Amino acid sequence: MGRKIELQIADIAPSGSTSGAYAMVLAEADGNRRLPIVIGGVEAQAIAIELEKMSPSRPLTHDLFKHLAQGFDIDVEEVLIYNLVEGIFFAKLIARLGNRTAEIDARTSDAVAIAVRFNCPIFCEEFILESAGINPEEADAAESEGEISSEEFLEILDSSESNQISIEDLQKQLDQALEQEEYEKASRIRDEINKRKQA
């Protein structure tokens, strides 16, 4: 196991191109890097409700998990995002009951929704932040003439013409997406750049 980096929830915003999806941005606690993760609307709502300290009339699924765990004196000590495979993040809950510790596999969005309820830290492995993290501080503010829209660029990225986009152009689009806080677009461009580098 490598070095763990603590993350904090920086933002949850509607996805610009995927209907019903949200971009959750986790920020490095002691640095500038951001880790954007696309999550579902239900999970985004579950996280936002707890962050805003709202009280739903009936317990949500993640509230139910918390109440059940606390009913048996189980504490969730931390959440760890431990792997990234083909754009999918893998997370686990580190839970404790007395002297026993268990690692429970979970979707990252569910793990974060539970972390905010137990007020426990969120960590990720350094290699994940190295490969999937983005740094807004390094984004170039320069804008080129005749820019295409984000939607048009993502359509090209998803098409058979994507190999015609150079890594340099991808990096420019990544910088522009970061400058405009379009984290989902940045996430998809980052994945494409990483795929090219591994090929």
# chains A, B, ... in the order shown; residues from 1 in each chain; ligands from 1
>>> select_by_dssp(residues="region 4-195 of chain A", states="alpha helix (DSSP H)", output="count of residues only")
75
>>> residues_around(residues="region 91-97 of chain A", least_positions_apart="2", cutoff="7 Å", atoms="only C-alpha atoms", output="ChimeraX atom specification")
/A:73-82,89,99-108,111
>>> atom_distance(atom1="CA of Val25 (chain A)", atom2="CA of Gln70 (chain A)")
28.3 Å
>>> closest_residue(among="A:Pro14, A:Gly20, A:Gly41, A:Gly133", to="Leu84 (chain A)", atoms="only C-alpha atoms")
A:Gly133
>>> select_by_dssp(residues="region 32-135 of chain A", states="strand (DSSP E)", output="PyMOL selection string")
chain A and resi 34-40+75-85+88-97+100-106+122-125
>>> residues_around(residues="region 182-196 of chain A", least_positions_apart="2", cutoff="7 Å", atoms="only C-alpha atoms", output="PDB file with C-alpha atoms, in the first residue's frame")
ATOM      1  CA  SER A  15     -22.905  17.290 -15.148  1.00  0.00           C
ATOM      2  CA  ALA A  23     -19.474  15.803 -10.915  1.00  0.00           C
ATOM      3  CA  PRO A  36     -13.289  14.785 -10.226  1.00  0.00           C
ATOM      4  CA  VAL A  38     -18.883  11.422 -11.957  1.00  0.00           C
ATOM      5  CA  GLY A  87     -11.955   5.066 -15.358  1.00  0.00           C
ATOM      6  CA  ALA A 132      -6.315  10.953 -12.313  1.00  0.00           C
ATOM      7  CA  ILE A 167      -2.031  15.267 -26.953  1.00  0.00           C
ATOM      8  CA  LEU A 170      -6.043  17.596 -25.425  1.00  0.00           C
ATOM      9  CA  LEU A 174      -7.956  20.194 -20.273  1.00  0.00           C
ATOM     10  CA  ALA A 177     -11.956  23.001 -18.815  1.00  0.00           C
ATOM     11  CA  LEU A 178     -10.173  23.560 -15.502  1.00  0.00           C
ATOM     12  CA  GLN A 180     -13.948  27.206 -16.540  1.00  0.00           C
ATOM     13  CA  GLN A 198      -0.319   3.917 -21.727  1.00  0.00           C
ATOM     14  CA  ALA A 199      -0.726   2.817 -25.359  1.00  0.00           C
TER      15      ALA A 199
END
>>> closest_residue(among="A:Lys172, A:Arg117, A:Lys197, A:Lys66", to="Ala48 (chain A)", atoms="only C-alpha atoms")
A:Arg117
>>> closest_residue(among="A:Gly98, A:Gly40, A:Pro121, A:Gly31", to="Ile12 (chain A)", atoms="only C-alpha atoms")
A:Gly40
>>> closest_residue(among="A:Glu126, A:Asp169, A:Asp110, A:Asp175", to="Phe65 (chain A)", atoms="only C-alpha atoms")
A:Asp110
>>> atom_distance(atom1="CA of Tyr22 (chain A)", atom2="CA of Ile37 (chain A)")
8.3 Å
